[in-house]
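Working notes for the structure below.
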Amino acid sequence: MRTTERKAIQHKSGFWDVVKSLVSGLRLTWKHFKNANNRRTPEYVTDKNYFNQPDGLVTLKYPYEAIPVPDNGRYRLHNEIDDCIVCDLCAKICPVNCITIESVKATEEIGVTSDGTKKRLYAPVFDIDLAKCCYCGLCTTVCPTDCLTMTPVYDFAEVDIKNMIYHFTDLSPEQAEEKKQLLAKQQEEMAAAKAAALAARKQG
Amino acid sequence: MLAFVLTLVLLLSIVIVLAYAERKVAAFMQDRLGPTEAGPYGSLQSVLDVLKLLQKEDIVPAAADKSLFKLAPILIFAAVFAGFAVIPFTPDLVPAGIGIGVFYLLAIISLDVVGLLMAGWGSNNKYAMLGAMRSVAQIVSYEIPAGLAILSAVMVCQSLDFQEISYQQGALMNQFPGLEYEMNWLFGIEALGINTTTIGGITTWNIFRAPILLISFIIYFIASLAESNRAPFDIPEAESELVAGFHVEYSGFRFAVLFLAEYSMMVLVSLVAVILFLGSWNTPLPNIGPVSLAYWTTGTVGEVSSILWGGFWLLSKTFVLLFLQLQIRWTYPRLRVDQLMHLCWKVLTPIALGVVLIAGIWRLLMI
Ligand code: SF4
Ligand code: SF4
């Protein structure tokens with residue numbers, strides 16, 4: 001065993017072997033230098049070409065080019081507030097409690113979501129703190145109307161951490177206040193009506 | 001004075017181009033992009049690097065030997081820059097045309113070593129000291145094969161004047177005072193009977209005038225890599241072990257000067273290689289019968305055409321060698337200290353001695 005090893009080393013360390021290996025080294029770097037004008041294309045991993053690009057520069061000029069991300073990847077959350085029925089399921093399942101929802105009952109039906117569910121609640125506050133989020137995706141699975149989804153956006157670093165809290169509500173504070181008052185008024189009226197009915201029953 | 005300013009400007013622009021090329025070549029050989037943001041294709045990167053260095057604070061370590069520390073970068077650069085004084089850039093443009101140019105160059109470049117020691121010792125830092133010691137040991141050792149390789153070229157040319165050596169390697173030979181009746185023979189062997197005096201071009205370059213000089217050229221090139229601390233002989237700077245070798249304590253302007261000196265050294269050794277072995281400012285194209293390519297691509301001595309052609313050929317050959325230096329840096333791993341000394345003392349020096357002997361015999365064939 002040892003003799004064969006030594007033989008191999010001796011064989012490779014002759015003058016011409018050294019010259020040959022030096023030249024082949026230069027040839028290798030020259031080949032890469034020559035191929036410097038083709039570049040890898042930013043292709044998706046399932047693309048046929050993905051593994052068929054042995055030559056060319058591999059650097060991606062990131063902010064200008066990016067490799068596409070998988071569709072089922074878990075990146076920034078987005079809530080389509082028009083489709084949200086404010087059921088609070090997402091906030092309840094979130095393991096890190098980063099979804100804050102405040103709901104206000106509507107006085108009448110607000111409308112229907114795109115899948116036909118009736119909306120009965122306003123959400124004056126619908127905040128997701130993406131700085132806390134662990135991107136587990138549980139909230140997107142429980143969402144009954146599929147309005148909470150993961151987008152392919154992953155580059156959303158902020159200088160101020162407060163900006164990592166995403167506000168999805170479509171109500172301005174004034175509108176929210178108005179809705180609250182409407183609800184309070186309706187409840188007052190209902191309470192008054194109930195009291196009146198009760199009084200009428202007592203009399204009757 | 002004008003020559004001083006012109007040479008400095010030329011040198012600075014070459015160094016800036018070289019520093020940019022170094023990054024791009026390195027990047028391309030490693031399948032990267034290199035600088036892309038500053039200017040078109042990142043071409044302003046090295047200019048910005050210099051500007052950045054100039055803005056930095058000039059830190060002198062508290063425990064350093066201040067006068068040595070401050071003087072060293074200037075001495076190192078001055079030594080290298082002084083070498084440019086005897087370089088003939090075109091047939092009639094040489095900053096200082098002294099008759100013992102080769103001798104002067106070898107002597108003045110050795111001064112570099114003193115500067116390196118001053119920098120290493122003055123920094124009062126063990127890494128700088130180690131780096132300087134390695135650097136000096138390496139440069140002093142490699143001066144011997146380099147000197148012997150240069151000596152063989154000098155023996156073949158029988159001159160220490162760079163300009164005379166340049167004239168000998170082209171079709172203009174007989175225009176140089178003192179060489180009016182000299183002749184060039186193919187491979188330097190008169191017995192072959194092929195007179196190349198008026199053919200010029202590549203046939204009269206030193207490596208063809210006396211093919212033994214091809215070996216000296218290779219020896220000189222390897223030794224010059226070591227003298228300019230380039231990979232694979234960059235032990236003095238070995239980034240992975242010594243951080244940056246002898247200039248680890250330098251910052252700002254002083255570092256910029258050291259950096260400049262290093263790149264100037266690369267340029268200088270390549271220029272010397274081109275002048276001594278690769279035909280200096282002479283065109284590579286020979287005269288073939290009535291198609292006098294050599295004369296067309298040389299211009300007339302004393303006119304602008306010769307300055308342009310001469311400068312063009314000299315610089316393009318130099319850039320080819322510089323590119324080779326860069327490519328070697330990004331191809332080969334660094335040698336160990338003992339391998340470095342082995343290569344110098346046991347391989348290059350004996351071969352160079354043999355080449356000197358053969359070059360002497362070759363010279364006898366040429367007359
Ligand atoms: S992805 Fe997970 S952590 Fe993030 S908001 Fe949804 S449930 Fe919470
Ligand atoms: S689970 Fe879906 S519908 Fe329910 S509150 Fe969250 S986002 Fe809205």
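Ordering of the structure tokens sets the chain letters (A, B, ...), residue numbers begin anew at 1 in every chain, and ligands are numbered from 1 in the order given.
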Note to self: Quick one: residues within 12 Å of range 60-67 of chain B, only C-alpha atoms, excluding same-chain residues fewer than 3 positions away - as a PyMOL selection string?
What the structure shows: chain B and resi 57+70-75+118-126+128-129+247-255
Restrict the selected residues to N, CA, C and O atoms and save them as an mmCIF file, in the first residue's frame.
data_model
loop_
_atom_site.group_PDB
_atom_site.id
_atom_site.type_symbol
_atom_site.label_atom_id
_atom_site.label_comp_id
_atom_site.auth_asym_id
_atom_site.auth_seq_id
_atom_site.Cartn_x
_atom_site.Cartn_y
_atom_site.Cartn_z
ATOM 1 N N GLU B 57 -8.225 58.377 8.519
ATOM 2 C CA GLU B 57 -7.319 58.935 9.505
ATOM 3 C C GLU B 57 -5.941 58.308 9.348
ATOM 4 O O GLU B 57 -5.814 57.120 9.056
ATOM 5 N N LYS B 70 7.016 56.603 9.578
ATOM 6 C CA LYS B 70 6.500 57.590 8.629
ATOM 7 C C LYS B 70 7.314 57.617 7.347
ATOM 8 O O LYS B 70 6.773 57.875 6.269
ATOM 9 N N LEU B 71 8.609 57.355 7.469
ATOM 10 C CA LEU B 71 9.473 57.477 6.299
ATOM 11 C C LEU B 71 9.329 56.270 5.359
ATOM 12 O O LEU B 71 9.443 56.410 4.137
ATOM 13 N N ALA B 72 9.044 55.095 5.951
ATOM 14 C CA ALA B 72 9.116 53.852 5.179
ATOM 15 C C ALA B 72 8.297 53.851 3.887
ATOM 16 O O ALA B 72 8.842 53.529 2.826
ATOM 17 N N PRO B 73 6.992 54.224 3.925
ATOM 18 C CA PRO B 73 6.218 54.137 2.677
ATOM 19 C C PRO B 73 6.810 55.014 1.575
ATOM 20 O O PRO B 73 6.849 54.617 0.412
ATOM 21 N N ILE B 74 7.299 56.185 1.989
ATOM 22 C CA ILE B 74 7.845 57.100 0.987
ATOM 23 C C ILE B 74 9.101 56.499 0.374
ATOM 24 O O ILE B 74 9.287 56.511 -0.841
ATOM 25 N N LEU B 75 9.932 55.910 1.232
ATOM 26 C CA LEU B 75 11.165 55.310 0.722
ATOM 27 C C LEU B 75 10.842 54.157 -0.227
ATOM 28 O O LEU B 75 11.448 54.026 -1.297
ATOM 29 N N MET B 118 12.226 48.889 7.392
ATOM 30 C CA MET B 118 11.857 50.045 8.210
ATOM 31 C C MET B 118 10.393 49.975 8.590
ATOM 32 O O MET B 118 10.023 50.220 9.746
ATOM 33 N N ALA B 119 9.561 49.625 7.618
ATOM 34 C CA ALA B 119 8.120 49.556 7.896
ATOM 35 C C ALA B 119 7.843 48.487 8.930
ATOM 36 O O ALA B 119 7.102 48.707 9.891
ATOM 37 N N GLY B 120 8.425 47.301 8.750
ATOM 38 C CA GLY B 120 8.165 46.196 9.662
ATOM 39 C C GLY B 120 8.680 46.491 11.057
ATOM 40 O O GLY B 120 7.990 46.298 12.056
ATOM 41 N N TRP B 121 9.898 46.991 11.132
ATOM 42 C CA TRP B 121 10.507 47.262 12.428
ATOM 43 C C TRP B 121 9.831 48.454 13.100
ATOM 44 O O TRP B 121 9.512 48.420 14.285
ATOM 45 N N GLY B 122 9.574 49.478 12.332
ATOM 46 C CA GLY B 122 8.994 50.693 12.877
ATOM 47 C C GLY B 122 7.588 50.486 13.403
ATOM 48 O O GLY B 122 7.152 51.178 14.313
ATOM 49 N N SER B 123 6.848 49.515 12.851
ATOM 50 C CA SER B 123 5.471 49.309 13.294
ATOM 51 C C SER B 123 5.413 48.781 14.717
ATOM 52 O O SER B 123 4.396 48.902 15.380
ATOM 53 N N ASN B 124 6.494 48.144 15.180
ATOM 54 C CA ASN B 124 6.528 47.568 16.514
ATOM 55 C C ASN B 124 5.379 46.589 16.700
ATOM 56 O O ASN B 124 4.637 46.640 17.674
ATOM 57 N N ASN B 125 5.230 45.718 15.729
ATOM 58 C CA ASN B 125 4.139 44.755 15.759
ATOM 59 C C ASN B 125 4.719 43.450 15.270
ATOM 60 O O ASN B 125 5.446 43.427 14.280
ATOM 61 N N LYS B 126 4.429 42.359 15.964
ATOM 62 C CA LYS B 126 5.145 41.129 15.599
ATOM 63 C C LYS B 126 4.747 40.627 14.214
ATOM 64 O O LYS B 126 5.579 40.095 13.486
ATOM 65 N N ALA B 128 3.879 42.499 11.659
ATOM 66 C CA ALA B 128 4.557 43.344 10.687
ATOM 67 C C ALA B 128 6.021 42.953 10.589
ATOM 68 O O ALA B 128 6.589 42.866 9.503
ATOM 69 N N MET B 129 6.626 42.662 11.747
ATOM 70 C CA MET B 129 8.044 42.303 11.765
ATOM 71 C C MET B 129 8.259 41.001 11.002
ATOM 72 O O MET B 129 9.163 40.892 10.164
ATOM 73 N N HIS B 247 2.724 45.802 6.197
ATOM 74 C CA HIS B 247 1.971 47.052 6.259
ATOM 75 C C HIS B 247 0.684 46.932 7.068
ATOM 76 O O HIS B 247 -0.251 47.687 6.881
ATOM 77 N N VAL B 248 0.679 45.993 8.025
ATOM 78 C CA VAL B 248 -0.550 45.779 8.790
ATOM 79 C C VAL B 248 -0.928 47.005 9.628
ATOM 80 O O VAL B 248 -2.093 47.257 9.887
ATOM 81 N N GLU B 249 0.066 47.806 10.048
ATOM 82 C CA GLU B 249 -0.255 48.946 10.906
ATOM 83 C C GLU B 249 -0.567 50.214 10.117
ATOM 84 O O GLU B 249 -0.871 51.238 10.684
ATOM 85 N N TYR B 250 -0.442 50.154 8.808
ATOM 86 C CA TYR B 250 -0.587 51.382 8.037
ATOM 87 C C TYR B 250 -2.042 51.616 7.672
ATOM 88 O O TYR B 250 -2.820 50.682 7.486
ATOM 89 N N SER B 251 -2.376 52.897 7.578
ATOM 90 C CA SER B 251 -3.750 53.226 7.191
ATOM 91 C C SER B 251 -3.715 54.494 6.354
ATOM 92 O O SER B 251 -2.688 55.170 6.282
ATOM 93 N N GLY B 252 -4.844 54.772 5.736
ATOM 94 C CA GLY B 252 -4.998 56.039 5.024
ATOM 95 C C GLY B 252 -3.970 56.239 3.929
ATOM 96 O O GLY B 252 -3.642 55.331 3.175
ATOM 97 N N PHE B 253 -3.434 57.443 3.893
ATOM 98 C CA PHE B 253 -2.555 57.837 2.803
ATOM 99 C C PHE B 253 -1.308 56.959 2.742
ATOM 100 O O PHE B 253 -0.878 56.544 1.672
ATOM 101 N N ARG B 254 -0.747 56.644 3.908
ATOM 102 C CA ARG B 254 0.484 55.844 3.904
ATOM 103 C C ARG B 254 0.219 54.455 3.323
ATOM 104 O O ARG B 254 1.045 53.903 2.595
ATOM 105 N N PHE B 255 -0.943 53.898 3.654
ATOM 106 C CA PHE B 255 -1.262 52.597 3.076
ATOM 107 C C PHE B 255 -1.423 52.721 1.570
ATOM 108 O O PHE B 255 -0.973 51.858 0.811
#
Within-8 Å residues of ligand 2, basis only C-alpha atoms and all ligand atoms, as a CSV table (one decimal) with N, CA, C and O atoms, in the first residue's frame:
chain,number,residue,atom,x,y,z
A,79,ASN,N,-53.2,40.3,4.0
A,79,ASN,CA,-54.6,40.0,4.3
A,79,ASN,C,-55.4,40.9,3.3
A,79,ASN,O,-55.3,42.1,3.3
A,80,GLU,N,-56.3,40.2,2.6
A,80,GLU,CA,-57.2,40.8,1.7
A,80,GLU,C,-58.4,41.2,2.6
A,80,GLU,O,-59.3,40.4,2.8
A,81,ILE,N,-58.4,42.5,3.1
A,81,ILE,CA,-59.3,42.8,4.1
A,81,ILE,C,-60.8,42.8,3.6
A,81,ILE,O,-61.7,42.5,4.4
A,83,ASP,N,-62.1,40.5,2.0
A,83,ASP,CA,-62.6,39.1,2.1
A,83,ASP,C,-62.6,38.6,3.6
A,83,ASP,O,-63.0,37.5,3.8
A,84,CYS,N,-62.1,39.4,4.5
A,84,CYS,CA,-61.9,38.9,5.8
A,84,CYS,C,-63.2,39.1,6.6
A,84,CYS,O,-63.8,40.1,6.6
A,85,ILE,N,-63.6,38.0,7.3
A,85,ILE,CA,-64.9,38.1,8.0
A,85,ILE,C,-64.6,38.3,9.5
A,85,ILE,O,-65.5,38.2,10.3
A,86,VAL,N,-63.3,38.7,9.8
A,86,VAL,CA,-62.9,39.0,11.2
A,86,VAL,C,-63.4,38.0,12.2
A,86,VAL,O,-63.9,38.3,13.2
A,87,CYS,N,-63.1,36.7,11.8
A,87,CYS,CA,-63.5,35.6,12.7
A,87,CYS,C,-62.5,35.4,13.9
A,87,CYS,O,-62.8,34.7,14.8
A,88,ASP,N,-61.3,36.0,13.8
A,88,ASP,CA,-60.3,36.0,14.9
A,88,ASP,C,-59.6,34.6,15.0
A,88,ASP,O,-58.9,34.4,15.9
A,89,LEU,N,-59.9,33.7,14.0
A,89,LEU,CA,-59.3,32.4,14.1
A,89,LEU,C,-57.8,32.5,14.0
A,89,LEU,O,-57.0,31.9,14.7
A,90,CYS,N,-57.3,33.4,13.1
A,90,CYS,CA,-55.9,33.5,12.9
A,90,CYS,C,-55.2,34.0,14.1
A,90,CYS,O,-54.1,33.5,14.5
A,91,ALA,N,-55.8,35.0,14.8
A,91,ALA,CA,-55.2,35.5,16.0
A,91,ALA,C,-55.1,34.5,17.0
A,91,ALA,O,-54.2,34.4,17.8
A,101,ILE,N,-56.4,41.7,16.6
A,101,ILE,CA,-57.6,42.1,15.9
A,101,ILE,C,-58.6,42.6,16.9
A,101,ILE,O,-58.7,42.1,18.0
A,139,CYS,N,-51.8,30.6,10.5
A,139,CYS,CA,-52.9,31.5,10.3
A,139,CYS,C,-53.5,31.3,8.9
A,139,CYS,O,-54.7,31.4,8.7
A,140,THR,N,-52.6,31.1,7.9
A,140,THR,CA,-53.2,31.0,6.5
A,140,THR,C,-54.0,29.7,6.4
A,140,THR,O,-54.9,29.7,5.6
A,142,VAL,N,-55.9,28.2,8.8
A,142,VAL,CA,-57.1,28.2,9.4
A,142,VAL,C,-58.1,29.2,8.8
A,142,VAL,O,-59.3,29.1,9.1
A,143,CYS,N,-57.6,30.2,8.1
A,143,CYS,CA,-58.5,31.2,7.6
A,143,CYS,C,-59.6,30.7,6.8
A,143,CYS,O,-59.4,30.0,5.8
A,144,PRO,N,-60.9,30.9,7.2
A,144,PRO,CA,-62.0,30.2,6.5
A,144,PRO,C,-62.2,30.8,5.1
A,144,PRO,O,-62.8,30.1,4.3
A,145,THR,N,-61.9,32.0,4.9
A,145,THR,CA,-62.2,32.6,3.6
A,145,THR,C,-60.9,32.7,2.7
A,145,THR,O,-61.0,33.3,1.7
A,146,ASP,N,-59.8,32.2,3.2
A,146,ASP,CA,-58.6,32.2,2.4
A,146,ASP,C,-58.1,33.6,2.1
A,146,ASP,O,-57.5,33.9,1.0
A,147,CYS,N,-58.4,34.6,3.0
A,147,CYS,CA,-58.0,35.9,2.7
A,147,CYS,C,-56.6,36.3,3.2
A,147,CYS,O,-56.0,37.2,2.8
A,148,LEU,N,-56.1,35.4,4.2
A,148,LEU,CA,-54.8,35.7,4.7
A,148,LEU,C,-53.8,34.7,4.0
A,148,LEU,O,-54.0,33.5,4.0
Shell of 8 Å around ligand 1 (only C-alpha atoms and all ligand atoms), written as a CSV table (one decimal) with N, CA, C and O atoms, in the first residue's frame:
chain,number,residue,atom,x,y,z
A,74,ARG,N,-43.0,30.4,2.4
A,74,ARG,CA,-43.7,31.2,3.5
A,74,ARG,C,-42.9,32.5,3.6
A,74,ARG,O,-41.9,32.5,4.2
A,77,LEU,N,-46.8,38.0,4.9
A,77,LEU,CA,-48.3,37.8,5.0
A,77,LEU,C,-49.0,39.0,4.3
A,77,LEU,O,-48.6,40.1,4.4
A,90,CYS,N,-57.3,33.4,13.1
A,90,CYS,CA,-55.9,33.5,12.9
A,90,CYS,C,-55.2,34.0,14.1
A,90,CYS,O,-54.1,33.5,14.5
A,91,ALA,N,-55.8,35.0,14.8
A,91,ALA,CA,-55.2,35.5,16.0
A,91,ALA,C,-55.1,34.5,17.0
A,91,ALA,O,-54.2,34.4,17.8
A,93,ILE,N,-54.9,31.2,16.6
A,93,ILE,CA,-53.9,30.1,16.4
A,93,ILE,C,-52.5,30.5,16.4
A,93,ILE,O,-51.6,29.7,16.6
A,94,CYS,N,-52.3,31.8,16.2
A,94,CYS,CA,-50.9,32.2,16.1
A,94,CYS,C,-50.1,31.9,17.3
A,94,CYS,O,-50.4,32.3,18.4
A,95,PRO,N,-49.0,31.1,17.1
A,95,PRO,CA,-48.2,30.7,18.3
A,95,PRO,C,-47.4,31.8,19.0
A,95,PRO,O,-47.0,31.7,20.1
A,96,VAL,N,-47.2,32.9,18.3
A,96,VAL,CA,-46.5,34.0,18.9
A,96,VAL,C,-47.3,35.2,19.1
A,96,VAL,O,-46.8,36.3,19.5
A,97,ASN,N,-48.6,35.1,19.0
A,97,ASN,CA,-49.5,36.2,19.2
A,97,ASN,C,-49.1,37.5,18.5
A,97,ASN,O,-49.1,38.5,19.1
A,98,CYS,N,-48.9,37.4,17.3
A,98,CYS,CA,-48.5,38.6,16.6
A,98,CYS,C,-49.6,39.2,15.8
A,98,CYS,O,-49.4,40.2,15.2
A,99,ILE,N,-50.7,38.6,15.8
A,99,ILE,CA,-51.9,39.2,15.1
A,99,ILE,C,-52.8,39.9,16.2
A,99,ILE,O,-53.2,39.2,17.1
A,128,ILE,N,-50.6,42.9,11.9
A,128,ILE,CA,-49.7,41.7,12.0
A,128,ILE,C,-48.3,42.2,12.2
A,128,ILE,O,-47.8,43.0,11.4
A,129,ASP,N,-47.7,41.8,13.3
A,129,ASP,CA,-46.3,42.3,13.6
A,129,ASP,C,-45.4,41.2,13.0
A,129,ASP,O,-45.1,40.2,13.5
A,130,LEU,N,-44.9,41.6,11.8
A,130,LEU,CA,-44.1,40.6,11.1
A,130,LEU,C,-42.7,40.5,11.7
A,130,LEU,O,-41.9,39.6,11.3
A,132,LYS,N,-42.4,39.8,14.8
A,132,LYS,CA,-42.6,38.7,15.7
A,132,LYS,C,-42.9,37.4,15.0
A,132,LYS,O,-42.7,36.3,15.5
A,133,CYS,N,-43.5,37.5,13.9
A,133,CYS,CA,-44.1,36.4,13.1
A,133,CYS,C,-43.0,35.4,12.9
A,133,CYS,O,-41.8,35.7,12.6
A,134,CYS,N,-43.3,34.1,13.1
A,134,CYS,CA,-42.3,33.0,12.8
A,134,CYS,C,-42.6,32.3,11.5
A,134,CYS,O,-41.9,31.3,11.2
A,135,TYR,N,-43.4,32.9,10.7
A,135,TYR,CA,-43.7,32.3,9.4
A,135,TYR,C,-44.1,30.9,9.4
A,135,TYR,O,-43.7,30.1,8.5
A,136,CYS,N,-44.9,30.5,10.4
A,136,CYS,CA,-45.3,29.1,10.5
A,136,CYS,C,-46.4,28.8,9.5
A,136,CYS,O,-46.6,27.7,9.1
A,137,GLY,N,-47.2,29.8,9.2
A,137,GLY,CA,-48.2,29.6,8.2
A,137,GLY,C,-49.5,29.1,8.7
A,137,GLY,O,-50.4,28.8,8.0
A,138,LEU,N,-49.6,28.9,10.1
A,138,LEU,CA,-50.8,28.4,10.7
A,138,LEU,C,-52.0,29.2,10.4
A,138,LEU,O,-53.1,28.8,10.0
A,139,CYS,N,-51.8,30.6,10.5
A,139,CYS,CA,-52.9,31.5,10.3
A,139,CYS,C,-53.5,31.3,8.9
A,139,CYS,O,-54.7,31.4,8.7
A,140,THR,N,-52.6,31.1,7.9
A,140,THR,CA,-53.2,31.0,6.5
A,140,THR,C,-54.0,29.7,6.4
A,140,THR,O,-54.9,29.7,5.6
For chain B, the closest of A:Asn38, A:Gln181, A:Asn163, A:Ser114 counting only C-alpha atoms is A:Asn38
How close does chain B get to chain A? List, as a Markdown table, each residue of chain B within 12 Å, its nearest atom pair and the distance in Å to one decimal, counting only C-alpha atoms.
| residue | atom | partner | partner_atom | distance |
| --- | --- | --- | --- | --- |
| B:Lys24 | CA | A:Phe33 | CA | 9.6 |
| B:Val25 | CA | A:Phe33 | CA | 7.1 |
| B:Ala26 | CA | A:Phe33 | CA | 8.7 |
| B:Ala27 | CA | A:Phe33 | CA | 8.6 |
| B:Phe28 | CA | A:Phe33 | CA | 5.1 |
| B:Met29 | CA | A:Phe33 | CA | 4.8 |
| B:Gln30 | CA | A:His32 | CA | 7.1 |
| B:Asp31 | CA | A:Leu57 | CA | 4.2 |
| B:Arg32 | CA | A:Leu57 | CA | 5.2 |
| B:Leu33 | CA | A:Thr59 | CA | 6.0 |
| B:Gly34 | CA | A:Thr59 | CA | 8.9 |
| B:Pro35 | CA | A:Lys61 | CA | 10.7 |
| B:Thr36 | CA | A:Lys61 | CA | 8.8 |
| B:Glu37 | CA | A:Lys61 | CA | 9.9 |
| B:Pro232 | CA | A:Leu22 | CA | 11.8 |
| B:Phe323 | CA | A:Trp30 | CA | 10.8 |
| B:Leu324 | CA | A:Leu26 | CA | 9.2 |
| B:Gln325 | CA | A:Leu26 | CA | 11.0 |
| B:Leu326 | CA | A:Thr29 | CA | 10.6 |
| B:Gln327 | CA | A:Thr29 | CA | 7.1 |
| B:Ile328 | CA | A:Leu26 | CA | 7.1 |
| B:Arg329 | CA | A:Leu26 | CA | 10.1 |
| B:Trp330 | CA | A:Thr29 | CA | 7.6 |
| B:Thr331 | CA | A:Gly25 | CA | 6.1 |
| B:Tyr332 | CA | A:Gly25 | CA | 7.4 |
| B:Pro333 | CA | A:Gly25 | CA | 10.4 |
| B:Val347 | CA | A:Phe15 | CA | 11.1 |
(Q) Which residues are near Val320 in chain B? Cut-off 12 Å, only C-alpha atoms, ignore same chain within fewer than 4 positions. Put them as a PyMOL selection string. (A) chain B and resi 18+21+267+270-271+273-274+278+313-316+324-327
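When the distance limit is 7 Å and only C-alpha atoms are what count, the residues near range 183-197 of chain A, minus those fewer than 2 positions from it on the same chain, are Lys105, Ala106, Thr107, Lys179, Lys180, Gln181, Ala199, Ala200 and Arg201 of chain A.
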Members of range 126-334 of chain B assigned helix (DSSP H, G or I) by DSSP, as a VMD selection string: chain B and resid 126 to 157 162 to 168 173 to 175 186 to 188 190 to 192 201 to 204 206 to 209 212 to 227 239 to 242 245 to 247 252 to 277 293 to 296 304 to 329
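Rounded to one decimal, CA of Ile139 in chain B and CA of Ser166 in chain B lie 26.5 Å from each other.
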Q) What's the 8 Å shell around Arg334 in chain B, counting only C-alpha atoms, without same-chain residues fewer than 2 positions away, as a list in words? A) Ala231, Pro232, Phe233, Asp234, Ile235, Tyr332 and Arg336 of chain B
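You can rank A:Ile67, A:Val45, A:Val104, A:Val18 by their closest distance to Gln175 in chain A using only C-alpha atoms, and at the top of that list sits A:Val104.
Shortest separation to Phe168 in chain A among A:Gly14, A:Pro68, A:Pro152, A:Pro124 occurs at residue A:Pro124, atoms counted being only C-alpha atoms.
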* To do: Please identify all polymer residues within 12 Å of Asp338 in chain B, counting only C-alpha atoms, omitting same-chain residues fewer than 6 positions from it, and present them as an MDAnalysis selection string.
  => chainID B and resid 134 137:138 233 235 344:346
Checklist entry - as a PyMOL selection string, which residues of chain A does DSSP assign to strand (DSSP E or B)? => result chain A and resi 39+57+77-79+99-105+111-112+118-119+121-129+148-150+165-167
Restricting to only C-alpha atoms, whichever of B:Ala149, B:Ile108, B:Leu364, B:Leu44 is closest to Val86 in chain B is B:Ile108
**Message:** If we count only C-alpha atoms and set the cut-off at 10 Å, which residues sit around Asp49 in chain B, ignoring sequence neighbours fewer than 3 positions away in its own chain? Please answer as a PyMOL selection string.
**Reply:** chain B and resi 16+19-20+44-46+52-54+256
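We find CA of Asn287 in chain B and CA of Gly200 in chain B to be spaced 6.4 Å apart.
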